[in-house]
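Novice: Supplied in structure tokens, the structure appears directly below.
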Amino acid sequence: YDVGGKNDKSFNEAAFHGAERWAKETGGTYKELEMQNEAQREQALRQLAESGANPIVMTGFAFGDVLNTVAPDYPKTKFAIIDMVVDQPNVKSVVFTEEQGSYLAGVMAGMASKTGVVGFIGGMDIPLIRRFGCGYAQGVKSVNPNDTVLLNMTGTDGSAWNNPVKGAEIAKSQQSQKADVIYAAAGGTGVGVLQAAADMGILSIGVDSNQNYLHPGQVLTSMVKRVDNAVYEAFKEGADMKPGVAVMDLAAGGVDVAMDENNAKLVTPEMQKAVEDAAAKIKSGELKVHDYMSDNTCPAGQF
Amino acid sequence: MDKLPRWADVVLVPLICLIIAFVICGVLIWGIGQDPADALKIMVQGSLGSTYAWGYTLYYATNFMFTGLAVSIAFQASLFNIGGEGQATLGGLGVALSCLLIPWPHWTLALIGSIAASALFGAAWALIPAWLQARRGSHIVITTMMFNFISFALMNYVLVNMLRPLGSMDPASARFPAAVNLPKLGDILGLVGIPFSSKNPANISLLIALAAAVGVWALMWHTRLGYELRAFGKSEKAAVYAGISPVRITLYALALSGGLSGMMAINAVQGEAHRLLLNSVEGAGFIGIAVALMGRNHPFGIVLASILFGFLYEGGSQLALGTSIPREVITVLQALVILFTGALPYMVQKPLEHLFALRRRTA
Amino acid sequence: MAGTAQTMQGLGGGRQATAAPSSPYAIELKGISKSFGPVQANRDINIAVPRGTIHGIIGENGAGKSTLMSILYGFYKADAGEIFVGGRPTPIPDSQSAIRAGIGMVFQHFKLVQNFTVLENVILGAEDGPLLKSSLGRARRELEALSQEYELDVHPDALIEDLSVGHQQRVEILKALYRQAEILILDEPTGVLTPEEADHLFRILRGLRDQGKTVILITHKLREIMETTDNVSVMRRGTMVATVKTAETSPEALAELMVGRKVLLEVEKKPATPGRVVLEVEGLTVRTDGVERLKGVSFQIRAGEILGIAGVAGNGQSELLAALGGIASAGGRIAMNGVDLPLKGHHSNGQTRRAAGISHVPEDRQALGLIMDFTAWENVAFGYHNAPEYQKNALLMDNAALRADTEKKMKTFDVRPPIPGLAAKSFSGGNQQKIVVAREIERNPDLLLVGQPTRGVDIGAIEFIHKQIVALRDAGKAVLLVSVELDEIMSLSDRILVMFDGKIMGERDPGATDERELGMMMAGMTEAAKLGKDA
Amino acid sequence: MDLVSFLQILDSTIRLATPLLFACLAGLYSERSGIFDIGLEGKMLVAAFAAAAAAYATGSVWVGVLAGIGASMLFAAIHGLASITFRGNQLISGVAINFLASGLTVVLGTSWFHLGGQSPALTGGARFEDIVLPFATQITTNTPPLGLLDEVYSRVISGHSILVYVSFLTVPVTWWILYRTRFGLRLRAVGENPAAVDTAGVSVTGLRYAAVAITGLLCGLAGAYMSTGLSAGFLREMTAGRGYIALAALIFAKWRPWYALMACMLFGLLDAVAIRFQNINLGFVVVPVQFTQALPYILTVIILAGFVGKAIPPRAGGEPYVKER
Ligand SMILES: Nc1ncnc2c1ncn2[C@@H]1O[C@H](COP(=O)(O)OP(=O)(O)OP(=O)(O)O)[C@@H](O)[C@H]1O
Ligand SMILES: Nc1ncnc2c1ncn2[C@@H]1O[C@H](COP(=O)(O)OP(=O)(O)OP(=O)(O)O)[C@@H](O)[C@H]1O
Ligand SMILES: [Mg+2]
Ligand SMILES: [Mg+2]
């Protein structure tokens, strides 16, 4: 897992669920390690490799650099890395198209918004988060090009991901600027955003895992990133894992917007249809959601 | 009121304090349903059980030595520099710029460049608060703290918008050229025939840190500047009487302090990560405060305290890797160690004094 | 209080059986012992203080006087011994018990809260109830009554830090009186007072005694003992050497009892032979916090003379020393050996003054002259740490040379204990002062600035320090002596300038003036003084 | 900027300032008594945790607040023991307290709730509801504009949790205690010159313990407000450095209650402004978000350098009171 801990209610927790599912289904066992600092990443990888674990799955782009140096030392071990491309013969890189999922979330937000103003709250201003925000903004604008998307970040240090109070405050600030749907991609900070949105009676959008259940009837949807599926797949393939890059996009079921009984009342049939249309177009390639990472720009919003 | 023999004061008291801290932590581990003895074994083995493990311990210790010395120098001048975190962050920027912009032909030259760059950047970052304190009367504790926050924002901006290679997801700089990689401690010890694992991040920076400790010691107790720093720290009024300029001393003290903090980056950035990460300091600046206080502001005490904290840090990692004990147990252990050895030694000293007095009387 | 000649040594020990509620003694201490680590400050002390008397206690620095009184006041706990108050055995584990037993104490170092008002300091710990309002009101009235009764005029709303030491001391006395102390202990009360203030104090003390209160007075000044006390106890190295009736002893006898040898109470010096002008001061001004404290002072000092500056504390003498010593920035002009020195900017500092041949024994040795946490040898370098003889090379200092030098200086100046590695704070006040004086005089400066050189110092050490100052003068150096002790000014100086309100009131020849005249000038009454003289 | 935005920022300021204010006043008591306390952060954190845990377990926010206060006071007692009774180094003890809180909250939280150091979300009576003051209009997204006074009253003053009002009330109360009561007089004295208090027959130790206990109480309120008022549950490290900012505010305020209020409001305001105005487009250049995020800190530095003279701490601060060495 990445720094941030296993039970962050989103990213890392999803990975854990994937591993659990595999363990339950196959009766296999796995080892899990949590990072607490940078120098430890390499240590942990080597330790796992030397203990004979195969495959080794890691979540988070921060492992990329380390994996590049470690993987060649253990050619017989298979590695899978999530959220990063590492070009090594024994590494499978799993990347998600967060912009696509966020686009769908944006479509829903655009339609749900009555004020024409929606919000986005990111944890820290890093490329990954911009990708989320940019996809979201494109989705919103696809519904109504004149809508305003408020893009905010929580902070610049480690507390950015663990600052629910500030998250709530930003949500209130966005609400006061007339936003009535707020998308939070900010780890633990998002918990505060969703809570504040629910308290203020406006809608919010969760991220990574399905967070709809946190405030039933008040979370419009969650942009789920099926890290659990990726981990599950990687474990299932086991030592036979195919190296290379696996793009977990909308078509591959890697990203999606969560629909369940908790948000059923919020999702109108038109909304449902618009999402399905957009998804279909994206899958078919007809609609191309711009990826912020490709050129560090965003056509729909400004960071 | 009989004084303890020196050995008891220096060795026995801290040892008992350490044991108390470990015992309490053991109770906590037991309380959450885990086996404390097992945990201790894993910790010790994982951090001291092999040269590989020692490598990690020493790597962390190196960071703490730099930041601990930094805090202590300012402390001697009675300035509380809690900006080590920010100064080390800027030091990292210095190292990265030096390693990325200058095509160093050999690591030795790159090392000299990095030392200069990291010290310069760290010192510059500390000098602004120092100047503000000396000239404008701003409180150094507040300004250095604010400069920590500012440095994080600055680093965030620089990495995301400037140093990050295009298309990279990671808010980090590009990798440094291989030529600037510092030799590992294992390689150096190998040259003199001592077998030491080099599959760990311990590198030549450790020697620089030790040299810095000796340097600080010589500076504080054998040079005029050190004398003036200490005099100023004890009494500003008296320092003025002796013709020591408060402004000058404040600037010197913080420049030295910031420079040392910045030099931490040689170890973490050039020695280990080989690129500049968003959070390359990882709280070492704050741990430096604990290390300096525990080392009683003496360089040699600081070296020992750094190794202790390196052990706790690495042992803690191992605990988290090897058991289902949450890694934060180590934070608790660190807290207890700081508390008992740093703030409560008197609690142990008192009964010991009685004990020794009793023994002397019966003898 | 007339009585037969009687040495009361060992008095307490011999009369243990007589302890009764109707005891004639306000205080009896029996077998008091106290050590601080290895230092035995008090060793089996017995003393009895008759009710309604002023009882003096004298002794060399570090003899254990302050410790004994602190025990009596519950500030320290004795290792052994008993305390009787009014004949009743009274354990005094803390100051609260002492206050309850009717004991009040004015410490050598005042225990006042600097940024509180007089009133707040007085009521602290003796408030009427949980709210301050009524306490403050009552205290104000009582304070006014007390002030009237004892002429302790102190403004109740003044901040302590704005008061002169003399006034601060009155606040301490008021504190004790407000608590209705029957027994008042004063530890070296006159060390920081002007003669007038001291006289005033003694008038107060006598008034207290006449009302039946008991006063215990610690001082180094034999004249005060002789003039004020009824009985006197002498301490030496932690033990009680003797207790005698004041009327039946002499200063010489007391000095000998204290020190264990004969002491010269008069300064022996040859007439001065002034040479060339060493220091020239013209129109010197100093402002602090926007107030002009030194208002254009001009004078000259020649080689081979001691120029004494007399004045009540707080009339610009401190600022004069600070300006000359490079501590405070100033206006005007000073020239040393004919060369102008900067008075402001960063070239005006202690280092450049020392380089110009000016040494400075500051008034406050603990706050300025020494770093209390430094060792003696580190303090011997203080201010001279850049001197070439203390350097090993361009980079490093020569600590070994410094230690050797310190050892030598400690020997010549009889600093006790002669341990260079001991922290300055572990020396008694007198020995601390010797370290400072040794450091400054041994530089053999062209000009020595000395402020209050013997404040709080015992007679043995005073004798020694005075000798050193005179020796420096005889070696052809100039000395500027600032002191609030008129005795000291009169006996040491070759010329006397009197300062009042930041200005020089006039110059006098010590041989042709007297304390009365100087005292009037110090109070700002030049014309009166001149008239008096003319008439 | 329109009026409503401005009021919104003030509203936000009040919420953001409240935990700072509690913590700052907490520090004021301790430091006024001569005990430096850089462990405010840790006490807030442990209080936030205990409050959330207890509120969750009992469903009552008041039990939560009491638990938060209890936990914080326990930590304060450790600090008192170390720095008063055992004459330890106050800075070290404070650092230790911060570490201890940071570790213990997660260890216990993980072990109790199995949510990775997070507490379950609090609902209903387990968290503080905002109080709408009498005559205030409940503001919703489409409330029509009101008169200016109404706006200020309804938008800024009304609609906070009870603890907000408590914190603001604590300011005059603290002032009154400090300057109008016997306890306050002694407290101020013991931080300036403990020997004066001791020789006046008052227990230095007792006074300092009392002060440290009050610090615990107020830090407890600060933490409880964060986890049960501002958010609905505990999250690891959720205090996010506010204890240190409170300390900065205390120094800024020169250890005085009304100034503390102003300092905390200023920090809150800077924070609220930074939240509201990210990505300012100046036309020719877009101010990077990192700059706006650092702006509160930069402004603090500038204000300190420009407008506030030297802050002199209580004179006896940081030193244990020792009579005999
Ligand atoms: N707080 C203390 N800690 C350790 N030693 C002390 C302390 N106070 C006094 N002493 C020691 O006790 C001895 C007696 O000191 P004390 O202050 O009683 O002397 P004194 O007679 O009052 O001297 P002086 O005339 O200078 O006031 C000294 O040798 C001193 O070193
Ligand atoms: N903190 C201390 N630690 C150790 N010894 C001390 C300490 N303070 C005082 N002393 C010892 O106590 C003795 C008396 O100290 P103190 O300052 O009370 O002297 P004093 O009797 O007042 O003398 P003086 O008249 O010179 O001021 C000294 O000899 C000194 O060595
Ligand atoms: Mg004394
Ligand atoms: Mg003395």
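Identifiers in the structure tokens: chain A, B, ... in order shown; residue index from 1 per chain; ligand index from 1 in order shown.
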Could you list, as a PyMOL selection string, all residues that come within 8 Å of ligand 1? Count only C-alpha atoms and all ligand atoms.

Specialist: (chain C and resi 35-37+39-42+58-69+108+187-188+219-220+235+237-238+426-430+456-458) or (chain D and resi 323-325)

Novice: Given the selection you just returned, output its residues as a file containing N, CA, C and O atoms, formatted as a compact mmCIF listing (two decimals), in the first residue's frame.

Specialist:
```txt
# COMPACT_ATOMS: atom_id res chain seq x y z
N SER C 35 23.23 21.19 54.16
CA SER C 35 24.24 21.08 53.09
C SER C 35 23.58 21.19 51.73
O SER C 35 22.45 20.76 51.55
N PHE C 36 24.30 21.77 50.82
CA PHE C 36 23.93 21.73 49.40
C PHE C 36 24.92 20.79 48.73
O PHE C 36 26.05 21.19 48.46
N GLY C 37 24.49 19.57 48.50
CA GLY C 37 25.45 18.62 47.94
C GLY C 37 26.67 18.56 48.83
O GLY C 37 26.55 18.31 50.03
N VAL C 39 28.60 21.00 49.73
CA VAL C 39 28.86 22.21 50.50
C VAL C 39 28.02 22.21 51.78
O VAL C 39 26.80 22.14 51.73
N GLN C 40 28.70 22.25 52.91
CA GLN C 40 27.94 22.37 54.16
C GLN C 40 27.79 23.85 54.47
O GLN C 40 28.70 24.51 54.93
N ALA C 41 26.60 24.37 54.21
CA ALA C 41 26.38 25.80 54.33
C ALA C 41 26.16 26.21 55.79
O ALA C 41 26.56 27.29 56.21
N ASN C 42 25.49 25.35 56.53
CA ASN C 42 25.27 25.61 57.96
C ASN C 42 25.63 24.35 58.74
O ASN C 42 25.25 23.25 58.37
N ILE C 58 26.67 38.92 60.89
CA ILE C 58 27.70 39.23 59.91
C ILE C 58 28.50 37.99 59.62
O ILE C 58 28.44 36.98 60.34
N GLY C 59 29.24 38.05 58.55
CA GLY C 59 30.06 36.91 58.17
C GLY C 59 30.56 37.12 56.76
O GLY C 59 29.97 37.89 56.00
N GLU C 60 31.64 36.43 56.44
CA GLU C 60 32.20 36.56 55.10
C GLU C 60 31.21 36.05 54.05
O GLU C 60 30.27 35.35 54.38
N ASN C 61 31.53 36.34 52.82
CA ASN C 61 30.71 35.79 51.74
C ASN C 61 30.71 34.28 51.83
O ASN C 61 31.74 33.65 52.01
N GLY C 62 29.55 33.72 51.71
CA GLY C 62 29.45 32.27 51.73
C GLY C 62 29.51 31.67 53.11
O GLY C 62 29.60 30.46 53.25
N ALA C 63 29.45 32.51 54.14
CA ALA C 63 29.53 31.99 55.49
C ALA C 63 28.27 31.21 55.87
O ALA C 63 28.29 30.40 56.78
N GLY C 64 27.20 31.46 55.16
CA GLY C 64 25.98 30.70 55.43
C GLY C 64 24.86 31.52 56.03
O GLY C 64 23.85 30.96 56.48
N LYS C 65 24.99 32.83 56.00
CA LYS C 65 23.98 33.71 56.62
C LYS C 65 22.65 33.60 55.88
O LYS C 65 21.60 33.39 56.49
N SER C 66 22.72 33.76 54.57
CA SER C 66 21.48 33.73 53.78
C SER C 66 20.80 32.38 53.91
O SER C 66 19.58 32.28 54.01
N THR C 67 21.60 31.34 53.91
CA THR C 67 21.04 30.01 54.02
C THR C 67 20.28 29.86 55.34
O THR C 67 19.15 29.38 55.37
N LEU C 68 20.89 30.32 56.41
CA LEU C 68 20.28 30.20 57.73
C LEU C 68 18.94 30.93 57.76
O LEU C 68 17.93 30.41 58.25
N MET C 69 18.92 32.12 57.22
CA MET C 69 17.69 32.90 57.22
C MET C 69 16.63 32.26 56.32
O MET C 69 15.44 32.29 56.61
N GLN C 108 17.98 39.00 50.01
CA GLN C 108 19.10 39.71 49.40
C GLN C 108 18.76 40.02 47.94
O GLN C 108 18.97 41.12 47.46
N ASP C 187 18.08 40.63 54.59
CA ASP C 187 19.36 40.07 54.14
C ASP C 187 20.08 41.10 53.28
O ASP C 187 19.64 41.42 52.18
N GLU C 188 21.17 41.60 53.79
CA GLU C 188 21.97 42.63 53.10
C GLU C 188 21.10 43.72 52.50
O GLU C 188 21.12 43.95 51.28
N THR C 219 24.31 42.05 57.28
CA THR C 219 25.01 43.07 56.49
C THR C 219 26.51 42.82 56.53
O THR C 219 27.01 42.10 57.39
N HIS C 220 27.19 43.38 55.56
CA HIS C 220 28.65 43.32 55.56
C HIS C 220 29.24 44.60 56.14
O HIS C 220 30.45 44.70 56.28
N MET C 235 29.24 34.77 61.84
CA MET C 235 29.34 33.43 61.24
C MET C 235 30.62 33.32 60.44
O MET C 235 31.08 34.29 59.87
N ARG C 237 32.37 30.33 57.79
CA ARG C 237 32.38 29.01 57.13
C ARG C 237 31.31 28.07 57.65
O ARG C 237 31.58 26.93 58.02
N GLY C 238 30.10 28.55 57.73
CA GLY C 238 28.99 27.67 58.08
C GLY C 238 28.74 27.49 59.57
O GLY C 238 27.77 26.85 59.95
N SER C 426 28.36 28.93 40.90
CA SER C 426 28.66 28.19 42.11
C SER C 426 29.62 28.94 43.03
O SER C 426 29.96 28.44 44.09
N PHE C 427 30.08 30.11 42.60
CA PHE C 427 30.90 30.93 43.49
C PHE C 427 29.99 31.88 44.25
O PHE C 427 28.92 32.25 43.78
N SER C 428 30.44 32.29 45.42
CA SER C 428 29.65 33.28 46.15
C SER C 428 29.79 34.62 45.44
O SER C 428 30.69 34.83 44.64
N GLY C 429 28.89 35.52 45.78
CA GLY C 429 28.90 36.82 45.13
C GLY C 429 30.26 37.50 45.19
O GLY C 429 30.73 38.08 44.20
N GLY C 430 30.90 37.45 46.33
CA GLY C 430 32.18 38.12 46.48
C GLY C 430 33.24 37.51 45.58
O GLY C 430 34.04 38.22 44.95
N GLY C 456 27.67 44.05 47.91
CA GLY C 456 27.40 42.71 48.42
C GLY C 456 28.64 41.87 48.67
O GLY C 456 28.57 40.66 48.71
N VAL C 457 29.77 42.55 48.83
CA VAL C 457 31.02 41.81 48.98
C VAL C 457 31.51 41.98 50.43
O VAL C 457 31.33 43.03 51.03
N ASP C 458 32.11 40.95 50.99
CA ASP C 458 32.49 41.03 52.41
C ASP C 458 33.75 41.87 52.60
O ASP C 458 34.45 42.19 51.65
N LYS D 323 14.60 25.31 44.06
CA LYS D 323 15.15 26.22 45.06
C LYS D 323 16.62 25.90 45.34
O LYS D 323 17.43 26.78 45.48
N GLU D 324 16.90 24.62 45.45
CA GLU D 324 18.27 24.25 45.81
C GLU D 324 18.88 23.51 44.64
O GLU D 324 18.28 22.60 44.10
N ARG D 325 20.05 23.96 44.23
CA ARG D 325 20.65 23.24 43.12
C ARG D 325 21.70 22.28 43.63
O ARG D 325 22.28 22.46 44.67
```

Novice: Enumerate as a PDB file with C-alpha atoms, in the first residue's frame the residues belonging to chain C that approach chain B to within 10 Å, with only C-alpha atoms taken into account.

Specialist:
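Saved the output as result_34.pdb:
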```pdb
ATOM      1  CA  SER C  35      24.239  21.085  53.093  1.00  0.00           C
ATOM      2  CA  PHE C  36      23.931  21.727  49.396  1.00  0.00           C
ATOM      3  CA  GLY C  37      25.451  18.619  47.935  1.00  0.00           C
ATOM      4  CA  PRO C  38      29.049  18.684  49.086  1.00  0.00           C
ATOM      5  CA  ALA C 322      27.159  51.871  29.455  1.00  0.00           C
ATOM      6  CA  GLY C 325      31.764  50.716  27.785  1.00  0.00           C
ATOM      7  CA  GLY C 326      30.185  50.536  24.333  1.00  0.00           C
ATOM      8  CA  ILE C 327      26.958  48.963  25.565  1.00  0.00           C
ATOM      9  CA  ALA C 328      24.575  51.849  24.921  1.00  0.00           C
ATOM     10  CA  HIS C 346      28.062  48.772  15.093  1.00  0.00           C
ATOM     11  CA  HIS C 347      31.610  49.991  15.592  1.00  0.00           C
ATOM     12  CA  SER C 348      30.614  51.162  19.023  1.00  0.00           C
ATOM     13  CA  ASN C 349      30.800  47.985  21.046  1.00  0.00           C
ATOM     14  CA  GLY C 350      32.603  46.326  23.893  1.00  0.00           C
ATOM     15  CA  GLN C 351      35.215  44.851  21.599  1.00  0.00           C
ATOM     16  CA  THR C 352      36.355  48.135  20.113  1.00  0.00           C
ATOM     17  CA  ARG C 353      36.396  49.736  23.557  1.00  0.00           C
ATOM     18  CA  ARG C 354      38.594  46.997  24.894  1.00  0.00           C
ATOM     19  CA  HIS C 360      34.973  47.633  32.429  1.00  0.00           C
ATOM     20  CA  PRO C 362      30.106  46.402  35.301  1.00  0.00           C
ATOM     21  CA  ASP C 364      25.753  44.121  37.767  1.00  0.00           C
ATOM     22  CA  ARG C 365      28.208  41.272  37.774  1.00  0.00           C
ATOM     23  CA  GLN C 366      25.570  38.552  37.484  1.00  0.00           C
ATOM     24  CA  ALA C 367      23.627  40.027  34.582  1.00  0.00           C
ATOM     25  CA  LEU C 368      26.505  41.610  32.665  1.00  0.00           C
ATOM     26  CA  GLY C 369      29.904  40.728  33.957  1.00  0.00           C
ATOM     27  CA  LEU C 370      29.602  36.980  33.972  1.00  0.00           C
ATOM     28  CA  ILE C 371      27.871  34.187  32.184  1.00  0.00           C
ATOM     29  CA  MET C 372      26.618  32.371  35.240  1.00  0.00           C
ATOM     30  CA  ASP C 373      26.492  28.992  33.519  1.00  0.00           C
ATOM     31  CA  PHE C 374      30.010  29.278  32.135  1.00  0.00           C
ATOM     32  CA  GLU C 378      35.414  30.633  30.293  1.00  0.00           C
ATOM     33  CA  ASN C 379      34.436  33.742  32.176  1.00  0.00           C
ATOM     34  CA  ALA C 381      37.998  35.119  28.642  1.00  0.00           C
ATOM     35  CA  PHE C 382      34.673  36.924  28.579  1.00  0.00           C
ATOM     36  CA  GLY C 383      35.067  40.010  26.437  1.00  0.00           C
ATOM     37  CA  TYR C 384      38.669  39.076  25.714  1.00  0.00           C
ATOM     38  CA  HIS C 385      37.944  35.854  23.897  1.00  0.00           C
ATOM     39  CA  ASN C 386      39.474  37.378  20.781  1.00  0.00           C
ATOM     40  CA  ALA C 387      42.746  38.171  22.530  1.00  0.00           C
ATOM     41  CA  TYR C 390      43.933  32.773  24.014  1.00  0.00           C
ATOM     42  CA  GLN C 391      44.183  31.500  20.440  1.00  0.00           C
ATOM     43  CA  LYS C 392      45.907  28.328  19.376  1.00  0.00           C
ATOM     44  CA  ASN C 393      45.761  29.205  15.695  1.00  0.00           C
ATOM     45  CA  ALA C 394      43.615  31.136  13.288  1.00  0.00           C
ATOM     46  CA  LEU C 395      40.749  28.773  13.885  1.00  0.00           C
ATOM     47  CA  LEU C 396      40.835  27.380  17.373  1.00  0.00           C
ATOM     48  CA  MET C 397      40.966  28.859  20.835  1.00  0.00           C
ATOM     49  CA  ASP C 398      43.596  27.709  23.284  1.00  0.00           C
ATOM     50  CA  ASN C 399      41.501  26.437  26.153  1.00  0.00           C
TER      51      ASN C 399
END
```

Novice: Which of these, C:Ala158, C:Val244, C:Leu208, C:Val267, has the shortest distance to Ala48 (chain C) once you count only C-alpha atoms?

Specialist: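 Looking at the shortest contact to Ala48 (chain C), the residue is C:Val244.
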
Novice: Using only C-alpha atoms, which of the listed residues (A:Ser113, A:Ser173, A:Ser204, A:Ser294) sits closest to chain D?

Specialist: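 Of the candidates, the smallest distance to chain D is held by A:Ser173.
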
Novice: Out of A:Asp256, A:Asp291, A:Glu169, A:Glu99, which residue has the shortest atom-to-atom distance to chain B when counting only C-alpha atoms?

Specialist: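 Nearest candidate to chain B out of A:Asp256, A:Asp291, A:Glu169, A:Glu99: A:Asp291.
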
Novice: Fewer than 4 positions away in the same chain doesn't count, so skip those; otherwise give me all residues within 7 Å of Ser231 (chain D), counting only C-alpha atoms, as number ranges by chain.

Specialist: A: 164-165, 192; D: 226-227

Novice: My list of candidates is C:Pro420, C:Gly451, C:Pro189, C:Pro156. Which is closest to ligand 4 when distances are computed with only C-alpha atoms and all ligand atoms?

Specialist: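 Smallest distance to ligand 4 is found for C:Pro189.
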
Novice: Pull the alpha helix (DSSP H) assignments for region 235-293 of chain A out of DSSP run on the backbone, and list those residues as a count of residues only.

Specialist: 21

Novice: Do me a favour and pick out the residues of chain A within 10 Å of chain D, using only C-alpha atoms, as a PyMOL selection string.

Specialist: chain A and resi 4-9+13+115+124-125+150-180+188-189+191-193+195-196+199-202+214-215+302-303

Novice: I'd like the contact shell of region 69-73 of chain D - 7 Å cut-off, only C-alpha atoms, skipping same-chain residues fewer than 4 positions apart - returned as a list in words.

Specialist: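 My reading of the contact set: Lys43, Met44, Val46, Ala47, Ala50, Val65, Ala77, Ala213, Gly216, Leu217, Cys219, Gly220 and Leu221 of chain D.
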
Novice: For a quick test of understanding: name the residues of chain A lying within 7 Å of chain B when counting only C-alpha atoms, and present them as an NGL selection string.

Specialist: :A and (33-34 or 61-62 or 126-128 or 156-157 or 293-294)

Novice: How far is it from CA of Gly26 (chain B) to CA of Ala57 (chain D), in Å with one decimal?

Specialist: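 Distance between the two atoms: 26.7 Å.
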
Novice: Quick one: which residues from chain C are at most 10 Å off chain D, using only C-alpha atoms, as a ChimeraX atom specification?

Specialist: /C:35-37,70,73-77,94-100,104-107,110-116,120-133,135,175-176,179,426

Novice: Output the selection as an mmCIF file, in the first residue's frame - C-alpha atoms for each residue.

Specialist:
```cif
data_model
loop_
_atom_site.group_PDB
_atom_site.id
_atom_site.type_symbol
_atom_site.label_atom_id
_atom_site.label_comp_id
_atom_site.auth_asym_id
_atom_site.auth_seq_id
_atom_site.Cartn_x
_atom_site.Cartn_y
_atom_site.Cartn_z
ATOM 1 C CA SER C 35 24.239 21.085 53.093
ATOM 2 C CA PHE C 36 23.931 21.727 49.396
ATOM 3 C CA GLY C 37 25.451 18.619 47.935
ATOM 4 C CA SER C 70 16.140 31.055 54.307
ATOM 5 C CA TYR C 73 11.715 31.524 56.514
ATOM 6 C CA GLY C 74 10.878 28.050 55.269
ATOM 7 C CA PHE C 75 12.478 28.670 51.890
ATOM 8 C CA TYR C 76 15.008 25.934 52.429
ATOM 9 C CA LYS C 77 14.517 22.871 54.585
ATOM 10 C CA ASP C 94 7.432 26.255 53.975
ATOM 11 C CA SER C 95 7.108 30.008 53.763
ATOM 12 C CA GLN C 96 3.425 29.791 54.559
ATOM 13 C CA SER C 97 4.268 28.431 58.005
ATOM 14 C CA ALA C 98 6.845 31.151 58.486
ATOM 15 C CA ILE C 99 4.305 33.813 57.614
ATOM 16 C CA ARG C 100 1.824 32.234 59.991
ATOM 17 C CA GLY C 104 8.683 38.258 57.318
ATOM 18 C CA MET C 105 11.779 38.308 55.173
ATOM 19 C CA VAL C 106 13.370 40.712 52.752
ATOM 20 C CA PHE C 107 15.694 38.642 50.609
ATOM 21 C CA PHE C 110 14.206 40.645 46.048
ATOM 22 C CA LYS C 111 11.331 38.318 45.415
ATOM 23 C CA LEU C 112 9.149 40.725 43.520
ATOM 24 C CA VAL C 113 7.198 40.288 40.325
ATOM 25 C CA GLN C 114 8.753 42.889 38.076
ATOM 26 C CA ASN C 115 5.765 43.684 35.898
ATOM 27 C CA PHE C 116 3.267 43.853 38.746
ATOM 28 C CA GLU C 120 -0.294 43.560 43.467
ATOM 29 C CA ASN C 121 3.030 42.500 44.907
ATOM 30 C CA VAL C 122 1.946 43.391 48.384
ATOM 31 C CA ILE C 123 -1.282 41.438 48.312
ATOM 32 C CA LEU C 124 0.161 38.433 46.476
ATOM 33 C CA GLY C 125 -0.451 35.439 48.719
ATOM 34 C CA ALA C 126 -2.288 37.560 51.295
ATOM 35 C CA GLU C 127 -5.477 38.275 49.414
ATOM 36 C CA ASP C 128 -8.770 38.552 51.281
ATOM 37 C CA GLY C 129 -10.802 36.306 49.044
ATOM 38 C CA PRO C 130 -11.045 34.807 45.617
ATOM 39 C CA LEU C 131 -11.735 38.168 43.990
ATOM 40 C CA LEU C 132 -9.150 40.896 43.893
ATOM 41 C CA LYS C 133 -11.297 43.940 44.113
ATOM 42 C CA SER C 135 -8.234 42.966 48.562
ATOM 43 C CA LYS C 175 4.914 43.154 52.054
ATOM 44 C CA ALA C 176 6.152 41.847 55.389
ATOM 45 C CA ARG C 179 1.315 40.332 56.620
ATOM 46 C CA SER C 426 28.661 28.194 42.115
#
```
